[in-house]
>>> print(open('my_file.csv').read())   # CSV, C-alpha atoms
chain,number,residue,atom,x,y,z
A,1,MET,CA,69.9,15.9,58.6
A,2,SER,CA,67.8,15.1,55.7
A,3,GLN,CA,69.1,14.1,52.4
A,4,PRO,CA,68.8,16.3,49.3
A,5,ALA,CA,66.0,15.4,46.9
A,6,ARG,CA,67.1,13.2,44.0
A,7,PHE,CA,66.0,14.1,40.6
A,8,ALA,CA,65.4,11.5,38.0
A,9,SER,CA,67.9,11.2,35.2
A,10,PRO,CA,66.9,12.2,31.6
A,11,SER,CA,67.1,8.5,30.5
A,12,SER,CA,64.5,7.5,33.1
A,13,PHE,CA,62.0,10.0,31.6
A,14,LEU,CA,62.6,8.5,28.1
A,15,VAL,CA,61.6,5.0,29.4
A,16,ARG,CA,58.5,6.3,31.1
A,17,TYR,CA,57.6,8.4,28.1
A,18,ARG,CA,57.8,5.3,25.8
A,19,VAL,CA,55.8,3.2,28.2
A,20,TRP,CA,53.1,5.8,28.3
A,21,ILE,CA,52.9,6.0,24.5
A,22,ALA,CA,52.8,2.3,24.2
A,23,ALA,CA,50.1,2.0,26.9
A,24,GLY,CA,48.1,4.8,25.2
A,25,LEU,CA,48.3,3.1,21.8
A,26,GLY,CA,47.3,-0.2,23.3
A,27,ILE,CA,44.2,1.4,25.0
A,28,LEU,CA,43.2,3.1,21.7
A,29,ALA,CA,43.5,-0.3,19.9
A,30,LEU,CA,41.4,-2.0,22.6
A,31,ILE,CA,38.7,0.8,22.3
A,32,GLY,CA,38.7,0.5,18.5
A,33,LEU,CA,38.4,-3.3,18.6
A,34,SER,CA,35.6,-3.0,21.2
A,35,ILE,CA,33.6,-0.6,18.9
A,36,TRP,CA,34.2,-2.9,15.9
A,37,GLY,CA,33.0,-5.9,18.0
A,38,ALA,CA,29.9,-4.1,19.2
A,39,LEU,CA,29.0,-3.0,15.7
A,40,ALA,CA,29.5,-6.5,14.4
A,41,ALA,CA,27.4,-8.0,17.2
A,42,ILE,CA,24.6,-5.4,16.6
A,43,GLY,CA,24.7,-6.2,12.9
A,44,TRP,CA,24.5,-10.0,13.6
A,45,MET,CA,21.6,-9.5,16.0
A,46,TRP,CA,19.7,-7.3,13.5
A,47,GLY,CA,20.0,-10.0,10.9
A,48,GLN,CA,18.7,-12.5,13.4
A,49,THR,CA,15.7,-10.4,14.3
A,50,GLN,CA,14.8,-9.9,10.7
A,51,GLY,CA,14.6,-13.7,10.3
A,52,TRP,CA,12.5,-14.0,13.5
A,53,SER,CA,10.0,-11.3,12.3
A,54,GLN,CA,9.6,-13.1,8.9
A,55,ASN,CA,9.0,-16.4,10.7
A,56,ALA,CA,6.6,-14.8,13.1
A,57,SER,CA,4.7,-13.2,10.2
A,58,GLU,CA,4.5,-16.5,8.4
A,59,ALA,CA,3.3,-18.3,11.5
A,60,ALA,CA,0.7,-15.6,12.1
A,61,ARG,CA,-0.6,-15.9,8.6
A,62,GLY,CA,-0.8,-19.7,8.9
A,63,ALA,CA,-2.7,-19.4,12.1
A,64,LEU,CA,-5.1,-16.8,10.6
A,65,GLN,CA,-5.9,-19.2,7.7
A,66,GLN,CA,-6.9,-21.8,10.2
A,67,VAL,CA,-9.0,-19.3,12.1
A,68,GLU,CA,-10.7,-18.1,8.9
A,69,GLN,CA,-11.9,-21.7,8.3
A,70,VAL,CA,-13.8,-21.5,11.6
A,71,VAL,CA,-14.6,-17.8,11.7
A,72,PRO,CA,-15.3,-16.1,8.4
A,73,ASP,CA,-14.1,-12.4,8.0
A,74,ALA,CA,-11.5,-12.9,10.7
A,75,ARG,CA,-8.8,-11.4,8.5
A,76,GLU,CA,-10.6,-8.1,8.1
A,77,THR,CA,-11.2,-7.8,11.8
A,78,LEU,CA,-7.7,-8.8,12.8
A,79,GLY,CA,-6.2,-6.8,9.9
A,80,GLU,CA,-7.3,-3.6,11.5
A,81,LEU,CA,-5.4,-4.5,14.7
A,82,VAL,CA,-2.3,-6.1,13.1
A,83,PRO,CA,-1.5,-4.4,9.8
A,84,VAL,CA,0.8,-7.3,8.7
A,85,LEU,CA,-2.2,-9.5,8.5
A,86,LYS,CA,-4.1,-7.1,6.3
A,87,PRO,CA,-4.2,-8.5,2.8
A,88,ALA,CA,-2.5,-6.3,0.2
A,89,LYS,CA,-4.8,-4.7,-2.3
A,90,PRO,CA,-4.3,-6.2,-5.7
A,91,VAL,CA,-2.9,-3.8,-8.3
A,92,ARG,CA,-5.7,-2.8,-10.6
A,93,ARG,CA,-5.0,-2.6,-14.3
A,94,ASP,CA,-7.2,-1.9,-17.3
A,95,VAL,CA,-8.4,-5.0,-19.1
A,96,SER,CA,-8.5,-4.9,-22.9
A,97,GLY,CA,-11.2,-3.0,-24.6
A,98,THR,CA,-12.1,0.7,-24.8
A,99,ASP,CA,-14.0,3.2,-22.7
A,100,ILE,CA,-17.6,3.8,-23.9
A,101,GLY,CA,-20.0,6.7,-23.6
A,102,PRO,CA,-19.6,10.4,-23.9
A,103,VAL,CA,-18.5,10.9,-20.3
A,104,ALA,CA,-14.9,10.1,-19.4
A,105,ARG,CA,-14.4,7.6,-16.7
A,106,TYR,CA,-14.0,8.9,-13.2
A,107,PRO,CA,-10.3,9.4,-12.4
A,108,GLY,CA,-8.6,6.6,-10.5
A,109,LEU,CA,-11.0,3.8,-11.6
A,110,ALA,CA,-9.7,0.9,-13.6
A,111,ARG,CA,-11.5,-0.9,-16.3
A,112,THR,CA,-12.1,-4.4,-14.9
A,113,TYR,CA,-14.6,-5.8,-17.4
A,114,TRP,CA,-15.4,-5.3,-21.1
A,115,HIS,CA,-17.9,-7.3,-23.2
A,116,ARG,CA,-19.4,-6.8,-26.7
A,117,GLU,CA,-22.5,-8.7,-27.9
A,118,GLY,CA,-23.5,-7.6,-31.3
A,119,LYS,CA,-23.7,-3.8,-31.2
A,120,GLN,CA,-24.1,-3.7,-27.4
A,121,ILE,CA,-21.1,-3.1,-25.2
A,122,ALA,CA,-20.8,-3.3,-21.5
A,123,VAL,CA,-17.8,-2.0,-19.5
A,124,GLU,CA,-17.2,-2.0,-15.7
A,125,TYR,CA,-14.8,0.1,-13.7
A,126,GLU,CA,-13.6,-0.3,-10.1
A,127,GLY,CA,-11.6,1.7,-7.7
A,128,ASP,CA,-11.5,3.6,-4.4
A,129,ALA,CA,-13.7,6.6,-4.5
A,130,GLU,CA,-16.7,8.2,-2.7
A,131,PHE,CA,-20.1,7.0,-4.0
A,132,ALA,CA,-21.7,10.5,-4.1
A,133,THR,CA,-18.7,12.1,-5.9
A,134,VAL,CA,-18.6,9.4,-8.6
A,135,LEU,CA,-22.4,9.7,-9.1
A,136,ASP,CA,-22.2,13.4,-9.4
A,137,HIS,CA,-19.4,13.1,-11.9
A,138,TYR,CA,-21.5,11.0,-14.3
A,139,VAL,CA,-24.8,12.9,-13.7
A,140,GLN,CA,-23.2,16.2,-14.5
A,141,GLY,CA,-21.2,14.8,-17.4
A,142,PHE,CA,-24.3,13.3,-19.1
A,143,ALA,CA,-26.3,16.4,-18.5
A,144,ALA,CA,-23.6,18.6,-20.0
A,145,ARG,CA,-23.7,16.5,-23.2
A,146,GLY,CA,-27.5,16.9,-23.6
A,147,PHE,CA,-28.6,13.5,-22.3
A,148,THR,CA,-32.0,13.0,-20.7
A,149,GLN,CA,-31.8,11.1,-17.4
A,150,THR,CA,-34.3,8.5,-16.1
A,151,VAL,CA,-33.6,7.0,-12.6
A,152,GLN,CA,-34.3,3.2,-12.7
A,153,SER,CA,-33.4,2.4,-9.1
A,154,ALA,CA,-31.7,4.1,-6.1
A,155,THR,CA,-30.6,3.0,-2.7
A,156,GLN,CA,-28.0,4.3,-0.2
A,157,THR,CA,-25.3,2.1,-1.9
A,158,ALA,CA,-26.5,1.7,-5.5
A,159,GLU,CA,-28.1,3.7,-8.3
A,160,THR,CA,-29.1,2.8,-11.9
A,161,HIS,CA,-29.8,5.6,-14.4
A,162,ASP,CA,-30.8,5.5,-18.1
A,163,TYR,CA,-29.4,8.2,-20.3
A,164,THR,CA,-30.8,8.9,-23.8
A,165,ASN,CA,-30.4,11.5,-26.6
A,166,ALA,CA,-31.3,11.4,-30.3
A,167,ARG,CA,-28.5,8.9,-31.2
A,168,GLU,CA,-27.6,7.0,-28.0
A,169,HIS,CA,-29.1,5.1,-25.1
A,170,LEU,CA,-26.9,4.0,-22.2
A,171,THR,CA,-27.5,2.5,-18.7
A,172,LEU,CA,-25.2,3.6,-15.9
A,173,SER,CA,-25.1,1.6,-12.6
A,174,ILE,CA,-22.9,2.7,-9.7
A,175,THR,CA,-22.5,0.4,-6.7
A,176,GLU,CA,-20.7,0.9,-3.4
A,177,LYS,CA,-19.0,-2.3,-2.6
A,178,PRO,CA,-19.5,-3.8,0.9
A,179,LYS,CA,-15.7,-3.9,1.7
A,180,GLY,CA,-15.0,-0.5,0.3
A,181,GLY,CA,-14.6,1.0,-3.2
A,182,ILE,CA,-16.9,1.6,-6.1
A,183,SER,CA,-18.1,-0.3,-9.1
A,184,VAL,CA,-19.4,1.5,-12.2
A,185,ARG,CA,-21.1,-0.3,-15.1
A,186,ILE,CA,-22.0,1.4,-18.4
A,187,LYS,CA,-24.0,-0.5,-21.0
A,188,THR,CA,-25.0,0.6,-24.5
A,189,HIS,CA,-28.3,-0.2,-26.0
A,190,THR,CA,-29.2,-0.4,-29.7
A,191,GLN,CA,-31.8,2.0,-30.9
>>> encode(input="my_file.csv", output="structure tokens")
Amino acid sequence: MSQPARFASPSSFLVRYRVWIAAGLGILALIGLSIWGALAAIGWMWGQTQGWSQNASEAARGALQQVEQVVPDARETLGELVPVLKPAKPVRRDVSGTDIGPVARYPGLARTYWHREGKQIAVEYEGDAEFATVLDHYVQGFAARGFTQTVQSATQTAETHDYTNAREHLTLSITEKPKGGISVRIKTHTQ
């Protein structure tokens, strides 16, 4: 005959229950430590790659300087392909002096030159703008203030105009720069 099934005593359940709780807490601790270790390792690797990218950028700039000695304009050509190598545009600020002429300067241009010689004043502005838009701004502005226009010279990338009225005579020159941007020069004349 077979023996009756034996049931575990209540004290054996307590031991097993405690073992399971301890094992579960141990596993949770291991998972927590693993996550912390992974995050610490990722942070360390991120710091290392930042140093590598800075070193690579410096090495690339040094190599580019050597190439530019042999091949002029290499920076502009490579700058289009590798943005890190593109030189940063200098921040333009107004030099001392005042704006001249009856037409306000075109928005976005910075005063880069100012010179007085006796009663004559010359001022230059530079910035990023479309040639035709800047030209139109000044042509319309002088016309609206009653100036007579005489074109002195005109090409696809540069124009020089004289403007006169009963009291003033000014020369306006607008030039599109070869590497982009606009240069505007206004010069007063004594009458």
>>> closest_residue(input="my_file.csv", among="A:Thr164, A:Thr188, A:Ser183, A:Gln140", to="A:Tyr125", atoms="all atoms listed in the file")
A:Ser183
>>> residues_around(input="my_file.csv", residues="A:Val139", least_positions_apart="3", cutoff="12 Å", atoms="all atoms listed in the file", output="list in words")
Pro102, Val103, Ala104, Tyr106, Ala132, Thr133, Val134, Leu135, Asp136, Phe142, Ala143, Ala144, Arg145, Gly146, Phe147, Thr148, Gln149, Thr150, Val151, Glu159, Thr160, His161, Asp162, Tyr163, Thr171, Leu172, Ser173 and Ile174 of chain A
>>> residues_around(input="my_file.csv", residues="A:Gln156", least_positions_apart="6", cutoff="10 Å", atoms="all atoms listed in the file", output="PDB file with C-alpha atoms, keeping the file's coordinate frame")
ATOM      1  CA  PHE A 131     -20.100   7.000  -4.000  1.00  0.00           C
ATOM      2  CA  ALA A 132     -21.700  10.500  -4.100  1.00  0.00           C
ATOM      3  CA  THR A 175     -22.500   0.400  -6.700  1.00  0.00           C
ATOM      4  CA  GLU A 176     -20.700   0.900  -3.400  1.00  0.00           C
TER       5      GLU A 176
END
>>> atom_distance(input="my_file.csv", atom1="atom CA of A:Gln120", atom2="atom CA of A:Ala158")
22.7 Å
>>> residues_around(input="my_file.csv", residues="A:Gly127", least_positions_apart="2", cutoff="6 Å", atoms="only C-alpha atoms", output="PyMOL selection string")
chain A and resi 109+181-182
